[in-house]
Amino acid sequence: MATITTTTVLSTVTVASAKPTATSVPAQGGILEGVLPNVFSTSNPINLFIIQAGIIIILCRLLHYPLSRLGQPRVIAEVIGGILLGPSVLSRIPHFKENILPTDSLPVLNNVANLGLILFLFLIGLEVDLRLFISNWRVAIGVSLGGLLLPFGLGYAIAWGIYNQFHDEITNNVNFGIFGLFVGTALGITAFPVLCRILSELNLLSNPVGVTVLAAGVGNDVIGWILLALSVALVNNANGLTALYVLLVTVGWLLFLVFAVRPVFHWALRKTGSIQNGPTQGMIAVTLLLVLTSAWFTSIIGVHAIFGAFLVGLICPHDGGFAIKVTEKIEDLITVLFLPLYFAFSGLSTNLGLLNDGITWAYVIAIIVVAFSGKIIGGTVAAKLNGLVWRESLTIGVLMSCKGLVELIVLNVGLQAHILSQKTFTMFVVMALVTTVATTPLTKLLYPPWYRVKLEKWKRGEIDWDGNPLIAVDSDKAGSSDQLSSSNIRRLLIYLRLDSLPSLFTFISLLGEENEPKPLSTSNDDTNQRPPIKKRPLEVHALRIVELTERTSSVMKVTEGEDASRRDPVVNAVRTFSQLNDVAVSGSVVVAPEESYAETVMRHASEQKSDFVLIPWSEIGSSTEDQSIPYRVSLEDRFTGKSHLDFIRNTLSNAVCNTGIFISNGFSGIAPIEKSRSAFSRTVSITSMRSHKEAALPPVADKSHHIFLPYIGGVDDRVALSFVLQLAKNPNVTATIAHLTWVDGDDEITPVHESSLVEVPSSLKATINTEITAQDTSFLATTRSSLSSDLRDRINFIEASVSISSASGHIVELASESVGQNPRNAGDIVVVGRRHPILPASARNTEQANTLYEMQKTVGVLGEKVAMSGLRASVLVIQAADKGLDS
């Protein structure tokens, strides 16, 4: 008996000490005093919240990586992550929910998630550019209404069966009219943000399909949110007269924002320079206060808070990129932290275990069928009536069926308003997942790149519907002299980089001064004289690529890409320079993911029918551009950037025309970036040195260039020879062409050849492997004999006999004797062909750095040897297209 009494007393003391009294001080030592880190405390909820947020973010990121490889948007990973955390999977584990997601902690998680949702709806409003809808209003109205009315009607019809079957589970006693309105809205809405992401990743934004879907998506989005606000207003106000008052107040608030707040807000933005120079911190604060105030007002009148945030996004200006700049400042916090929390919280209400009978799954399948058929049929018919072909129209219908995160937000609003029960909510979540996952694969199947190219050619009248050409092609290219003349570059595509503009400008000027100017009039009257122009000027297309990231602001830049092409300062600089040098020019800005840079360059080369693509090598070894002050990198770092090497290799592997990779080294008379600044002087302090003004550079007095070309043989070298001869027609260019022949007695063993490194298309293997052929010898001899007297004086042909093993080193020695001899000129170039399978390559081993190996895979053995040799000259590596000079 004494033992029992003692145990009871000790237990009482232990329990009492575990629970602090009203006058006791909470434990301050945390885990050091035995307090578990996952224990929820109303006075200090941050500890458990950090654990919850960490688990949610990590889980969503882990799911997103494999799903992104399948072309799925990030929202799919976030929704699946929420379902896994909910009662469907992880919450079934004993004590998981009690320790990680206890019921008492959910209000904190819910508040943070809803704050993020309010800000995200503000971003959606920013992303909706009403100018796109207005500029395409006819097709936008047609497709938007077609893609909304039919699914809305079908949704209202299937809502009757769902309402009668699961009516007992709806706790708010919602009548069928409100339930049908909500279901019709849920099935009729389109996920505009996810739609923008899919269109940008599939390169469809500038396509008629993309323009139509975006314009229709804007209208569909706005109407959908209005219908959702109507549904919530009706369910929150049982009295019909009260609901009418709520709608009138909502309309009044919208008019107040548009006609009272918007003008003052725009005036303040211009007054502070926020539109011209980006939003100031003060105006960001004003903008967020507007968002929170509008969300608060729409919430207290009986409409969901997200509707007010969406309205503020709509009234924000898009001038000067203001909407994009605001998005850039807040999007990462929202998409990385807030949205995963919201969808995780949503997943707690998604219980797949409730779909436990045949009738439930029958309705799930019926909802999916109705969601697909309503959107696809309505959108397809509306697009066809607006003049698109059937396959384009069907693609538009499929894209309009995308639900995405907007659908999940709508469903959660319905769940919170008790329009949906947990079972019906789960049924619609499954529908949203299926329709979103299926959008990208179906679009790729219906509208592949080859079909887009064929359709564009058919619309331009170049081919008939079966693909047969309708325009006769002039094939008069007989004889080596005629072939050489026809191989001259007339249409040049340049890949623009900020750090390579001087080199590109010089190339344009050299290629653009090929023909002698001829006056249009021979009259002696000076008043009738016109400025001389060229008979057929060089056509330059400048392509600038901006990286498409996962950020919403990046997608917004894509939707405004056409305007960016006209306003981009880099493209406009090329336009101005080209026009001043009598060169026809066009330019475009493309926003694309880094892994598709190569495909983007080749697609534009094909569309522009370019003869030659010129790609400058990055000065910092990166494919993306750093807009900040350029920094100096080492030679090894410049040539080891994996993403840049992959971009160059992929471009050359899929080349549709002759392509050149230019590695600048002080070209155009500008010092290379590797040049170090002068050492400090004892008589000059750091302060005075930094404040010292740099002396003005005088004009380049010697504008000459010398080009060295080692001619071994093969299709790449023949194209390189033609390119050098075209450059040599410029009076400022001289050239040395070294014809190399092999000698016997090569006693060195070369176990690895270039053919094992450089990928060669099967159609070119026979041509390239025959290095020195009769065609090479004949082409060189014919070229020399057909030169004009002016070119003979400026081009020096030399002969050299080398062994295979020593060829690369001997070529560098010959180049050093020809280039870099005049340090005050405008820069020299060594031009080499990329592929010489007979040349020995460096064997890769564990002790050797990867720099040489990767460079040889990218620019060939000879290109790597010359680029890394330290010659005082730039390097141009040329690869021929499949047809070489006949391309």
# chains A, B, ... in the order shown; residues from 1 in each chain; ligands from 1
>>> select_by_dssp(residues="stretch 319-384 of chain A", states="alpha helix (DSSP H)", output="JSON, numbers by chain")
{"A": [322, 323, 324, 325, 326, 327, 328, 329, 330, 331, 332, 333, 339, 340, 341, 342, 343, 344, 345, 346, 347, 358, 359, 360, 361, 362, 363, 364, 365, 366, 367, 368, 369, 370, 371, 372, 373, 374, 375, 376, 377, 378, 379, 380, 381, 382, 383, 384]}
>>> write_last_selection(atoms="N, CA and C atoms", output="compact mmCIF listing (two decimals), in the first residue's frame")
# COMPACT_ATOMS: atom_id res chain seq x y z
N PHE A 322 6.78 47.44 -65.33
CA PHE A 322 6.52 47.58 -63.90
C PHE A 322 5.98 46.28 -63.30
N ALA A 323 5.02 45.66 -63.98
CA ALA A 323 4.43 44.43 -63.46
C ALA A 323 5.49 43.34 -63.32
N ILE A 324 6.40 43.26 -64.28
CA ILE A 324 7.46 42.25 -64.22
C ILE A 324 8.40 42.53 -63.06
N LYS A 325 8.76 43.79 -62.87
CA LYS A 325 9.71 44.14 -61.81
C LYS A 325 9.11 43.92 -60.42
N VAL A 326 7.82 44.19 -60.26
CA VAL A 326 7.18 43.92 -58.97
C VAL A 326 7.15 42.41 -58.72
N THR A 327 6.83 41.66 -59.76
CA THR A 327 6.80 40.20 -59.63
C THR A 327 8.16 39.65 -59.23
N GLU A 328 9.22 40.20 -59.82
CA GLU A 328 10.57 39.73 -59.51
C GLU A 328 10.92 39.92 -58.04
N LYS A 329 10.35 40.94 -57.40
CA LYS A 329 10.73 41.24 -56.02
C LYS A 329 10.06 40.33 -55.00
N ILE A 330 8.92 39.74 -55.35
CA ILE A 330 8.19 38.97 -54.33
C ILE A 330 7.90 37.53 -54.74
N GLU A 331 8.20 37.15 -55.99
CA GLU A 331 7.75 35.85 -56.47
C GLU A 331 8.47 34.68 -55.80
N ASP A 332 9.76 34.81 -55.53
CA ASP A 332 10.50 33.67 -54.98
C ASP A 332 9.97 33.26 -53.60
N LEU A 333 9.71 34.24 -52.75
CA LEU A 333 9.18 33.92 -51.43
C LEU A 333 7.82 33.24 -51.54
N LEU A 339 3.25 28.98 -51.47
CA LEU A 339 2.41 28.08 -52.26
C LEU A 339 2.53 26.62 -51.83
N PRO A 340 3.76 26.09 -51.61
CA PRO A 340 3.81 24.71 -51.11
C PRO A 340 3.06 24.53 -49.80
N LEU A 341 3.11 25.54 -48.91
CA LEU A 341 2.35 25.45 -47.66
C LEU A 341 0.85 25.40 -47.93
N TYR A 342 0.42 26.19 -48.90
CA TYR A 342 -1.01 26.22 -49.21
C TYR A 342 -1.49 24.88 -49.75
N PHE A 343 -0.72 24.33 -50.70
CA PHE A 343 -1.15 23.06 -51.29
C PHE A 343 -0.97 21.90 -50.32
N ALA A 344 0.00 22.00 -49.42
CA ALA A 344 0.12 20.98 -48.38
C ALA A 344 -1.10 21.03 -47.45
N PHE A 345 -1.49 22.23 -47.08
CA PHE A 345 -2.69 22.38 -46.25
C PHE A 345 -3.92 21.87 -46.99
N SER A 346 -3.95 22.12 -48.30
CA SER A 346 -5.05 21.60 -49.12
C SER A 346 -5.02 20.08 -49.15
N GLY A 347 -3.80 19.50 -49.19
CA GLY A 347 -3.69 18.05 -49.23
C GLY A 347 -4.22 17.38 -47.98
N GLY A 358 -17.74 1.95 -56.23
CA GLY A 358 -17.85 2.04 -57.68
C GLY A 358 -18.56 3.29 -58.15
N ILE A 359 -19.63 3.69 -57.47
CA ILE A 359 -20.38 4.86 -57.90
C ILE A 359 -19.54 6.13 -57.77
N THR A 360 -18.69 6.18 -56.74
CA THR A 360 -17.82 7.36 -56.57
C THR A 360 -16.81 7.45 -57.71
N TRP A 361 -16.18 6.31 -58.03
CA TRP A 361 -15.20 6.33 -59.12
C TRP A 361 -15.88 6.56 -60.47
N ALA A 362 -17.12 6.11 -60.61
CA ALA A 362 -17.86 6.39 -61.85
C ALA A 362 -18.04 7.89 -62.02
N TYR A 363 -18.36 8.59 -60.93
CA TYR A 363 -18.50 10.04 -61.02
C TYR A 363 -17.15 10.73 -61.24
N VAL A 364 -16.06 10.19 -60.66
CA VAL A 364 -14.74 10.76 -60.90
C VAL A 364 -14.41 10.70 -62.39
N ILE A 365 -14.63 9.54 -62.99
CA ILE A 365 -14.36 9.39 -64.43
C ILE A 365 -15.27 10.30 -65.25
N ALA A 366 -16.54 10.39 -64.83
CA ALA A 366 -17.48 11.26 -65.56
C ALA A 366 -17.04 12.73 -65.47
N ILE A 367 -16.56 13.15 -64.30
CA ILE A 367 -16.09 14.53 -64.16
C ILE A 367 -14.90 14.79 -65.07
N ILE A 368 -13.98 13.83 -65.14
CA ILE A 368 -12.81 13.98 -66.01
C ILE A 368 -13.23 14.06 -67.47
N VAL A 369 -14.15 13.19 -67.88
CA VAL A 369 -14.62 13.19 -69.28
C VAL A 369 -15.31 14.51 -69.60
N VAL A 370 -16.15 14.98 -68.70
CA VAL A 370 -16.86 16.25 -68.94
C VAL A 370 -15.86 17.41 -69.00
N ALA A 371 -14.86 17.40 -68.11
CA ALA A 371 -13.87 18.47 -68.10
C ALA A 371 -13.09 18.52 -69.41
N PHE A 372 -12.70 17.35 -69.91
CA PHE A 372 -11.96 17.30 -71.16
C PHE A 372 -12.86 17.64 -72.35
N SER A 373 -13.98 16.96 -72.46
CA SER A 373 -14.83 17.11 -73.66
C SER A 373 -15.40 18.51 -73.77
N GLY A 374 -15.85 19.08 -72.65
CA GLY A 374 -16.42 20.42 -72.72
C GLY A 374 -15.41 21.45 -73.20
N LYS A 375 -14.22 21.43 -72.61
CA LYS A 375 -13.20 22.40 -73.00
C LYS A 375 -12.70 22.15 -74.42
N ILE A 376 -12.41 20.89 -74.74
CA ILE A 376 -11.82 20.58 -76.05
C ILE A 376 -12.81 20.87 -77.16
N ILE A 377 -14.05 20.40 -77.02
CA ILE A 377 -15.05 20.62 -78.08
C ILE A 377 -15.37 22.10 -78.21
N GLY A 378 -15.61 22.77 -77.08
CA GLY A 378 -15.95 24.19 -77.14
C GLY A 378 -14.83 25.02 -77.72
N GLY A 379 -13.60 24.81 -77.23
CA GLY A 379 -12.46 25.57 -77.74
C GLY A 379 -12.14 25.27 -79.19
N THR A 380 -12.26 24.00 -79.58
CA THR A 380 -11.94 23.61 -80.96
C THR A 380 -12.91 24.23 -81.94
N VAL A 381 -14.19 24.12 -81.67
CA VAL A 381 -15.19 24.67 -82.59
C VAL A 381 -15.05 26.19 -82.69
N ALA A 382 -14.84 26.86 -81.56
CA ALA A 382 -14.70 28.32 -81.58
C ALA A 382 -13.45 28.74 -82.36
N ALA A 383 -12.34 28.02 -82.19
CA ALA A 383 -11.12 28.35 -82.93
C ALA A 383 -11.29 28.09 -84.41
N LYS A 384 -11.96 27.01 -84.76
CA LYS A 384 -12.19 26.71 -86.18
C LYS A 384 -13.05 27.78 -86.83
>>> residues_around(residues="A:Leu492", least_positions_apart="4", cutoff="8 Å", atoms="only C-alpha atoms", output="number ranges by chain")
A: 538-541, 610-614
>>> write_last_selection(atoms="N, CA, C and O atoms", output="JSON list (two decimals), in the first residue's frame")
[["chain", "number", "residue", "atom", "x", "y", "z"],
["A", 538, "LEU", "N", 24.22, 42.47, -97.63],
["A", 538, "LEU", "CA", 24.22, 41.38, -96.67],
["A", 538, "LEU", "C", 23.00, 41.52, -95.76],
["A", 538, "LEU", "O", 22.63, 42.62, -95.35],
["A", 539, "GLU", "N", 22.34, 40.40, -95.50],
["A", 539, "GLU", "CA", 21.18, 40.39, -94.61],
["A", 539, "GLU", "C", 21.60, 39.77, -93.28],
["A", 539, "GLU", "O", 22.06, 38.62, -93.24],
["A", 540, "VAL", "N", 21.45, 40.51, -92.21],
["A", 540, "VAL", "CA", 21.84, 40.05, -90.88],
["A", 540, "VAL", "C", 20.60, 39.91, -90.01],
["A", 540, "VAL", "O", 19.78, 40.83, -89.95],
["A", 541, "HIS", "N", 20.47, 38.74, -89.37],
["A", 541, "HIS", "CA", 19.40, 38.56, -88.38],
["A", 541, "HIS", "C", 20.06, 38.39, -87.02],
["A", 541, "HIS", "O", 20.85, 37.47, -86.81],
["A", 610, "SER", "N", 19.20, 31.07, -93.25],
["A", 610, "SER", "CA", 20.53, 31.65, -93.12],
["A", 610, "SER", "C", 21.57, 30.80, -93.86],
["A", 610, "SER", "O", 21.48, 29.57, -93.90],
["A", 611, "ASP", "N", 22.57, 31.49, -94.43],
["A", 611, "ASP", "CA", 23.71, 30.80, -95.04],
["A", 611, "ASP", "C", 24.77, 30.47, -93.99],
["A", 611, "ASP", "O", 25.53, 29.51, -94.16],
["A", 612, "PHE", "N", 24.84, 31.28, -92.96],
["A", 612, "PHE", "CA", 25.90, 31.11, -91.97],
["A", 612, "PHE", "C", 25.40, 31.57, -90.61],
["A", 612, "PHE", "O", 24.68, 32.58, -90.51],
["A", 613, "VAL", "N", 25.77, 30.83, -89.56],
["A", 613, "VAL", "CA", 25.44, 31.20, -88.17],
["A", 613, "VAL", "C", 26.75, 31.49, -87.46],
["A", 613, "VAL", "O", 27.66, 30.66, -87.46],
["A", 614, "LEU", "N", 26.83, 32.65, -86.85],
["A", 614, "LEU", "CA", 28.03, 33.06, -86.13],
["A", 614, "LEU", "C", 27.72, 33.12, -84.64],
["A", 614, "LEU", "O", 26.86, 33.89, -84.21]]
>>> atom_distance(atom1="atom CA of A:Met400", atom2="atom CA of A:Thr190")
6.0 Å
>>> closest_residue(among="A:Trp160, A:Phe259, A:Phe338, A:Phe179", to="A:Gly414", atoms="only C-alpha atoms")
A:Phe179
>>> residues_around(residues="stretch 451-453 of chain A", least_positions_apart="6", cutoff="12 Å", atoms="only C-alpha atoms", output="PyMOL selection string")
chain A and resi 202-204+206-210+389+391-392+395+443-445+459-460+462-463+465-467+603-604+606-607
>>> closest_residue(among="A:Val555, A:Ile55, A:Leu248, A:Val410", to="A:Ser200", atoms="only C-alpha atoms")
A:Val555
>>> closest_residue(among="A:Ala598, A:Leu148, A:Ala417, A:Ala77", to="A:Ile178", atoms="only C-alpha atoms")
A:Ala417
>>> decode(residues="stretch 640-673 of chain A", atoms="N, CA and C atoms", output="PDB file, in the first residue's frame")
ATOM      1  N   THR A 640      35.742  25.915 -69.577  1.00  0.00           N
ATOM      2  CA  THR A 640      35.279  24.731 -68.860  1.00  0.00           C
ATOM      3  C   THR A 640      33.836  24.827 -68.393  1.00  0.00           C
ATOM      4  N   GLY A 641      33.129  25.896 -68.750  1.00  0.00           N
ATOM      5  CA  GLY A 641      31.721  26.004 -68.362  1.00  0.00           C
ATOM      6  C   GLY A 641      30.890  24.934 -69.043  1.00  0.00           C
ATOM      7  N   LYS A 642      30.349  23.994 -68.262  1.00  0.00           N
ATOM      8  CA  LYS A 642      29.657  22.848 -68.846  1.00  0.00           C
ATOM      9  C   LYS A 642      28.445  23.252 -69.676  1.00  0.00           C
ATOM     10  N   SER A 643      27.643  24.177 -69.154  1.00  0.00           N
ATOM     11  CA  SER A 643      26.430  24.570 -69.886  1.00  0.00           C
ATOM     12  C   SER A 643      26.783  25.213 -71.221  1.00  0.00           C
ATOM     13  N   HIS A 644      27.857  26.006 -71.242  1.00  0.00           N
ATOM     14  CA  HIS A 644      28.253  26.662 -72.486  1.00  0.00           C
ATOM     15  C   HIS A 644      28.835  25.652 -73.472  1.00  0.00           C
ATOM     16  N   LEU A 645      29.633  24.717 -72.993  1.00  0.00           N
ATOM     17  CA  LEU A 645      30.163  23.665 -73.865  1.00  0.00           C
ATOM     18  C   LEU A 645      29.033  22.824 -74.453  1.00  0.00           C
ATOM     19  N   ASP A 646      28.040  22.489 -73.626  1.00  0.00           N
ATOM     20  CA  ASP A 646      26.898  21.715 -74.119  1.00  0.00           C
ATOM     21  C   ASP A 646      26.124  22.501 -75.174  1.00  0.00           C
ATOM     22  N   PHE A 647      25.956  23.800 -74.947  1.00  0.00           N
ATOM     23  CA  PHE A 647      25.249  24.641 -75.920  1.00  0.00           C
ATOM     24  C   PHE A 647      25.975  24.652 -77.264  1.00  0.00           C
ATOM     25  N   ILE A 648      27.302  24.845 -77.245  1.00  0.00           N
ATOM     26  CA  ILE A 648      28.060  24.869 -78.495  1.00  0.00           C
ATOM     27  C   ILE A 648      27.993  23.510 -79.188  1.00  0.00           C
ATOM     28  N   ARG A 649      28.175  22.434 -78.433  1.00  0.00           N
ATOM     29  CA  ARG A 649      28.160  21.093 -79.031  1.00  0.00           C
ATOM     30  C   ARG A 649      26.802  20.763 -79.628  1.00  0.00           C
ATOM     31  N   ASN A 650      25.728  21.061 -78.892  1.00  0.00           N
ATOM     32  CA  ASN A 650      24.389  20.775 -79.396  1.00  0.00           C
ATOM     33  C   ASN A 650      24.075  21.594 -80.641  1.00  0.00           C
ATOM     34  N   THR A 651      24.544  22.841 -80.668  1.00  0.00           N
ATOM     35  CA  THR A 651      24.323  23.677 -81.845  1.00  0.00           C
ATOM     36  C   THR A 651      25.023  23.094 -83.065  1.00  0.00           C
ATOM     37  N   LEU A 652      26.265  22.678 -82.902  1.00  0.00           N
ATOM     38  CA  LEU A 652      27.016  22.120 -84.026  1.00  0.00           C
ATOM     39  C   LEU A 652      26.467  20.758 -84.446  1.00  0.00           C
ATOM     40  N   SER A 653      25.984  19.976 -83.490  1.00  0.00           N
ATOM     41  CA  SER A 653      25.447  18.656 -83.823  1.00  0.00           C
ATOM     42  C   SER A 653      24.164  18.754 -84.628  1.00  0.00           C
ATOM     43  N   ASN A 654      23.405  19.835 -84.442  1.00  0.00           N
ATOM     44  CA  ASN A 654      22.114  19.979 -85.129  1.00  0.00           C
ATOM     45  C   ASN A 654      22.122  21.142 -86.120  1.00  0.00           C
ATOM     46  N   ALA A 655      23.312  21.494 -86.603  1.00  0.00           N
ATOM     47  CA  ALA A 655      23.435  22.647 -87.500  1.00  0.00           C
ATOM     48  C   ALA A 655      22.657  22.411 -88.794  1.00  0.00           C
ATOM     49  N   VAL A 656      21.934  23.444 -89.225  1.00  0.00           N
ATOM     50  CA  VAL A 656      21.182  23.377 -90.480  1.00  0.00           C
ATOM     51  C   VAL A 656      21.884  24.165 -91.581  1.00  0.00           C
ATOM     52  N   CYS A 657      22.950  24.856 -91.261  1.00  0.00           N
ATOM     53  CA  CYS A 657      23.716  25.603 -92.246  1.00  0.00           C
ATOM     54  C   CYS A 657      25.155  25.697 -91.741  1.00  0.00           C
ATOM     55  N   ASN A 658      26.026  26.298 -92.535  1.00  0.00           N
ATOM     56  CA  ASN A 658      27.405  26.483 -92.113  1.00  0.00           C
ATOM     57  C   ASN A 658      27.443  27.319 -90.832  1.00  0.00           C
ATOM     58  N   THR A 659      28.270  26.907 -89.882  1.00  0.00           N
ATOM     59  CA  THR A 659      28.269  27.521 -88.559  1.00  0.00           C
ATOM     60  C   THR A 659      29.693  27.828 -88.122  1.00  0.00           C
ATOM     61  N   GLY A 660      29.866  28.993 -87.495  1.00  0.00           N
ATOM     62  CA  GLY A 660      31.172  29.389 -86.984  1.00  0.00           C
ATOM     63  C   GLY A 660      31.125  29.714 -85.510  1.00  0.00           C
ATOM     64  N   ILE A 661      32.123  29.227 -84.768  1.00  0.00           N
ATOM     65  CA  ILE A 661      32.269  29.543 -83.346  1.00  0.00           C
ATOM     66  C   ILE A 661      33.454  30.487 -83.221  1.00  0.00           C
ATOM     67  N   PHE A 662      33.203  31.708 -82.760  1.00  0.00           N
ATOM     68  CA  PHE A 662      34.253  32.720 -82.716  1.00  0.00           C
ATOM     69  C   PHE A 662      34.732  32.914 -81.290  1.00  0.00           C
ATOM     70  N   ILE A 663      36.020  32.669 -81.064  1.00  0.00           N
ATOM     71  CA  ILE A 663      36.649  32.849 -79.759  1.00  0.00           C
ATOM     72  C   ILE A 663      37.502  34.105 -79.837  1.00  0.00           C
ATOM     73  N   SER A 664      36.997  35.188 -79.265  1.00  0.00           N
ATOM     74  CA  SER A 664      37.652  36.486 -79.407  1.00  0.00           C
ATOM     75  C   SER A 664      38.856  36.600 -78.481  1.00  0.00           C
ATOM     76  N   ASN A 665      39.884  37.273 -78.988  1.00  0.00           N
ATOM     77  CA  ASN A 665      41.077  37.555 -78.199  1.00  0.00           C
ATOM     78  C   ASN A 665      41.633  38.906 -78.656  1.00  0.00           C
ATOM     79  N   GLY A 666      40.991  39.970 -78.194  1.00  0.00           N
ATOM     80  CA  GLY A 666      41.424  41.300 -78.583  1.00  0.00           C
ATOM     81  C   GLY A 666      41.023  41.685 -79.981  1.00  0.00           C
ATOM     82  N   PHE A 667      39.957  41.087 -80.514  1.00  0.00           N
ATOM     83  CA  PHE A 667      39.494  41.455 -81.851  1.00  0.00           C
ATOM     84  C   PHE A 667      38.880  42.849 -81.801  1.00  0.00           C
ATOM     85  N   SER A 668      38.889  43.561 -82.902  1.00  0.00           N
ATOM     86  CA  SER A 668      38.382  44.930 -83.040  1.00  0.00           C
ATOM     87  C   SER A 668      39.263  45.941 -82.333  1.00  0.00           C
ATOM     88  N   GLY A 669      40.488  45.540 -81.963  1.00  0.00           N
ATOM     89  CA  GLY A 669      41.395  46.472 -81.308  1.00  0.00           C
ATOM     90  C   GLY A 669      41.121  46.685 -79.845  1.00  0.00           C
ATOM     91  N   ILE A 670      40.193  45.889 -79.243  1.00  0.00           N
ATOM     92  CA  ILE A 670      39.852  46.030 -77.832  1.00  0.00           C
ATOM     93  C   ILE A 670      40.608  44.970 -77.050  1.00  0.00           C
ATOM     94  N   ALA A 671      41.206  45.360 -75.940  1.00  0.00           N
ATOM     95  CA  ALA A 671      42.007  44.434 -75.149  1.00  0.00           C
ATOM     96  C   ALA A 671      41.150  43.304 -74.619  1.00  0.00           C
ATOM     97  N   PRO A 672      41.678  42.091 -74.577  1.00  0.00           N
ATOM     98  CA  PRO A 672      40.904  40.968 -74.060  1.00  0.00           C
ATOM     99  C   PRO A 672      40.629  41.103 -72.582  1.00  0.00           C
ATOM    100  N   ILE A 673      39.637  40.383 -72.128  1.00  0.00           N
ATOM    101  CA  ILE A 673      39.211  40.519 -70.742  1.00  0.00           C
ATOM    102  C   ILE A 673      40.237  39.956 -69.772  1.00  0.00           C
TER     103      ILE A 673
END
